[in-house]
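See structure below.
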Amino acid sequence: MKSKLFYLIVACLTLMGCVEDPEVVKNTNQNNFEQLWKIIDTKYCYLEYKNINWDSIHTVYAASIDSGMDKYAFFDLMGKMLAELKDGHVNLYSDFDRSRYWKWFTDYPSNFSSSLIYSDKYLGDNYRIAGGMRYNYIANGNVGYVYYGDFSNTFTDTNISNIFTYFSYCRGIIIDVRDNGGGYISLAEQLASYFFKNDTITGYICHKTGDGHNDFSSPEAVKTPAHKNIQWQRPVVILANRLSYSATNSFICRMKMAPNAIVIGDKSGGGGGLPLSSEIPNGWMVRFSACPMYDADMQHTEWGIDPDIKIDMNMIDEENGYDTIIERAIYYLMH
Amino acid sequence: MKKHLMAFVFICLMFTTNAQEASKYNLTNVNNKFGLAVLEIADEYLSPLIYTGFGLKYEHSQSRFLLKDNDRFSTTGKVNILAGITLNPENTSSITYMGFSYKWGVNYRYNINDAFDLFGGANVGVEYGLKQNSRNVNNSVNIDMATDLSLSGLLRYKFFINRKALLLSCFLETPVIGCMFVPESGASYYEISELGNLDNSFHFSSLHNKNGLNSQINIQIPFKHSEWIFGVGSSVLKYKANNLLFKTATYYLNVGMRYDLCVFRGTKNRAPEKYRNAGL
């Protein structure tokens, strides 16, 4: 009996050493580089999809690491390494700077002019504001125009109900999400829900389950619910440009499946990977795409979503005070 | 009708009286302790770095004998609340922690001699903790959620200074088996909470993936109608699942008080015959 008790105690003590202590990594340039590289290597979700050889990037950048580098030079080098991912959702945050990759919109036509949409032809001076929405009649009162520039600016059911009531005599409405760089994905779902008659699967999402580049969970269906009380069942046009990114990309992805909706303008900017955060020993935070989102056909949305009607802003129209994309939307709704 | 009503009232009163009689001498000991804690948090879902800081702790415990005619088995119910704020090593981010646990267990008292008592037992409990990283996006919150069966032991030494009885106690507790919530490392709160995807988030836990040790040394000093409790303690919990490692460690100073509702002392004011005090 005593020997059994002894073995039991020894077994318990052995098992109690099974969970190791968390590793403490010293704050050096070399360690910070290795940690940053490892975070991307194990948690970033598009290495395979974008065909990025992350090991060779390690080789290239490790050779440039110098323990004597000052924080600015080191930050710039790490920012450059992260830019290899060509992802607007990847940033390195320090107290003095934020690295970024912006070529997903700077390499394309802007297709948006703030001064035009606030001109008398469109929103004018006396537009109304409800939550994050700015709205007014256009096209002689036949079309309702809503500009929504930030999915971090919240709105309520009451806001939307009032906007729909205000536009109740219009033939259709335009929801302009150009230059909307994203925000809360839950708001993208909420805004889309007003345009659906039934709950609809509008996409899928996965997440990393292990360190391997292809270790993903099985796709989880993303449903856009139809709002129970407030529904716009007449035509709606969504205006997009390359700066329609992240949560806005998700909104456009959902609206492609809405029964009376059409997307006009440029291809959206993408940002289909839901970002998560981590940090390295010197306290800098890194944000990276971690959960790939797909459309209803299981196609990646990282590089953006094609519009139903592709049209760019025309310089002559712009000089004459016309927003080509809004005009095309008006034409669509009036004919 | 009046007779029926009176009979009903009489029966109710009888039950009430019986209930009071049954629990009359099976006294319940209640301790309330407040503490200042040093807190250490490692949560690889939120960050690979170790966060340290300070917190406030509150512990409420109740103990009494399990049975009327047996002074060996006692029960203990314990509530712990801990709130704290921690910073990463470079002070660029913080994790706020709010934790709650409730445990209920049974102890067996082994009387070594007049001075020493040894209590051994087991308890079942639920734990809930909320950790929030101030600057993370989409993985800004993680939840500690677990149920555990734990083993515990308490050694108590009674000694006298100036004819006053002091109690020195040493308490140890470790979780043995249970169930815990650990999200997958890449899962966002959007997928967990909005889409309800909890795949691979609940895990069986035992010594192979969860190690913990709660320890406390307390001294109880009588003062008029009360006993003051001063102590030090630590609570270290490490667990891993889904390739993620977690550690929550608290080291704290405790001050507590137990107030005597009535005092039995000397020959004139003896304890009643059925006086029974688990004394934990």
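Just remember, in the structure tokens the first chain shown is A, the second B, etc., residues are 1-based per chain, and ligands are 1-based in the order shown.
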
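Residues of chain B having any atom within 6 Å of chain A, counting only C-alpha atoms, are Ser47, Glu90, Thr92, Asn136, Val137, Asn138, Asn139, Gly186, Ala187, Leu207, His208, Asn209 and Asn211 of chain B.
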
- What are the DSSP strand (DSSP E or B) residues of segment 53-259 of chain B, as a VMD selection string? chain B and resid 53 to 67 70 to 87 94 to 111 116 to 133 141 to 161 164 to 181 202 to 206 210 to 223 226 to 241 244 to 259

- Query: Suppose you want the space between atom CA of Tyr204 of chain A and atom CA of Pro292 of chain A; what is it in Å?
  - Reply: 8.5 Å

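With distances restricted to only C-alpha atoms, B:Asn123 is the closest residue to Val176 of chain B from B:Val141, B:Asn123, B:Phe202, B:Ile192.
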
- Task: Enter the distance from atom CA of Phe119 of chain B to atom CA of Asn31 of chain B, in Å, rounded to one decimal.
- Result: 17.2 Å

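Around segment 226-243 of chain A, within 6 Å and counting only C-alpha atoms, the residues found are A:Phe105, A:Gly172, A:Ile173, A:Ile174, A:Ile175, A:Asp176, A:Val177, A:Arg178, A:Asp179, A:Gly181, A:Ser193, A:Tyr194, A:Phe195, A:Phe196, A:Lys197, A:Asn198, A:Asp199, A:Asn260, A:Ala261, A:Ile262, A:Val263, A:Ile264, A:Gly265, A:Asp266, A:Lys267, A:Ser268, A:Gly269, once anything fewer than 4 positions away on its own chain is removed.
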
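Between atom CA of Gly196 of chain B and atom CA of Glu44 of chain B lies a distance of 21.5 Å.
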
- Message: Give me the residues near Phe181 of chain B as a PyMOL selection string, where near means some atom within 10 Å (using only C-alpha atoms) and where sequence neighbours in that chain fewer than 6 positions away do not count.
- Response: chain B and resi 128+142-147+198+200-205+241

Which residues, written as a compact mmCIF listing (two decimals) with all heavy atoms, in the first residue's frame, have at least one atom at most 7 Å from Asn80 of chain B, with only C-alpha atoms counted and residues fewer than 6 positions away on the same chain left out?
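Output file out_11.txt follows:
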```
# COMPACT_ATOMS: atom_id res chain seq x y z
N TYR B 58 -10.18 39.59 -2.97
CA TYR B 58 -11.14 39.40 -1.90
C TYR B 58 -11.47 37.92 -1.81
O TYR B 58 -11.68 37.26 -2.82
CB TYR B 58 -12.41 40.21 -2.18
CG TYR B 58 -13.56 39.86 -1.27
CD1 TYR B 58 -13.51 40.20 0.09
CD2 TYR B 58 -14.68 39.19 -1.75
CE1 TYR B 58 -14.56 39.86 0.93
CE2 TYR B 58 -15.73 38.86 -0.91
CZ TYR B 58 -15.67 39.19 0.43
OH TYR B 58 -16.69 38.85 1.26
N GLU B 59 -11.49 37.42 -0.59
CA GLU B 59 -11.82 36.00 -0.39
C GLU B 59 -12.87 35.89 0.71
O GLU B 59 -12.72 36.46 1.79
CB GLU B 59 -10.56 35.22 -0.01
CG GLU B 59 -10.81 33.74 0.18
CD GLU B 59 -9.55 33.01 0.66
OE1 GLU B 59 -8.51 33.11 -0.02
OE2 GLU B 59 -9.62 32.39 1.73
N HIS B 60 -13.90 35.16 0.40
CA HIS B 60 -14.95 34.90 1.38
C HIS B 60 -15.07 33.39 1.52
O HIS B 60 -15.20 32.68 0.53
CB HIS B 60 -16.27 35.50 0.89
CG HIS B 60 -17.45 35.11 1.71
ND1 HIS B 60 -17.84 35.83 2.81
CD2 HIS B 60 -18.31 34.07 1.62
CE1 HIS B 60 -18.91 35.25 3.35
NE2 HIS B 60 -19.21 34.17 2.64
N PHE B 100 -13.04 35.49 -11.09
CA PHE B 100 -13.98 35.06 -10.06
C PHE B 100 -13.92 33.54 -9.97
O PHE B 100 -13.81 32.86 -10.99
CB PHE B 100 -15.40 35.51 -10.44
CG PHE B 100 -16.48 34.83 -9.66
CD1 PHE B 100 -16.89 35.35 -8.45
CD2 PHE B 100 -17.09 33.67 -10.12
CE1 PHE B 100 -17.89 34.73 -7.71
CE2 PHE B 100 -18.09 33.03 -9.40
CZ PHE B 100 -18.49 33.58 -8.19
N SER B 101 -13.96 33.01 -8.76
CA SER B 101 -14.07 31.55 -8.64
C SER B 101 -14.94 31.20 -7.44
O SER B 101 -14.99 31.95 -6.45
CB SER B 101 -12.68 30.92 -8.50
OG SER B 101 -12.15 31.16 -7.23
N TYR B 102 -15.62 30.09 -7.55
CA TYR B 102 -16.38 29.55 -6.43
C TYR B 102 -16.02 28.08 -6.28
O TYR B 102 -16.03 27.33 -7.27
CB TYR B 102 -17.89 29.69 -6.64
CG TYR B 102 -18.66 29.02 -5.52
CD1 TYR B 102 -18.72 29.61 -4.25
CD2 TYR B 102 -19.26 27.79 -5.70
CE1 TYR B 102 -19.38 28.97 -3.21
CE2 TYR B 102 -19.93 27.14 -4.66
CZ TYR B 102 -19.98 27.75 -3.41
OH TYR B 102 -20.62 27.13 -2.38
```

- List the neighbours of segment 81-83 of chain A out to 8 Å using only C-alpha atoms; skip same-chain residues closer than 4 positions along the sequence, and give me the result as an NGL selection string. :A and (57 or 61 or 77 or 87 or 90-91 or 100-101)

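Residues in contact with Asp295 of chain A at 9 Å, where only C-alpha atoms are counted and same-chain residues fewer than 2 positions away are skipped, are listed as A:Thr202, A:Gly203, A:Tyr204, A:Ile205, A:Ser250, A:Cys253, A:Arg254, A:Met293, A:Asp297, A:Met298, A:Gln299, A:His300, A:Thr301.
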
- Query: Given the choices B:Leu166, B:Gly153, B:Tyr45, B:Met257, which gets closest to Gln220 of chain B if the distance is worked out from only C-alpha atoms?
  - Reply: B:Leu166
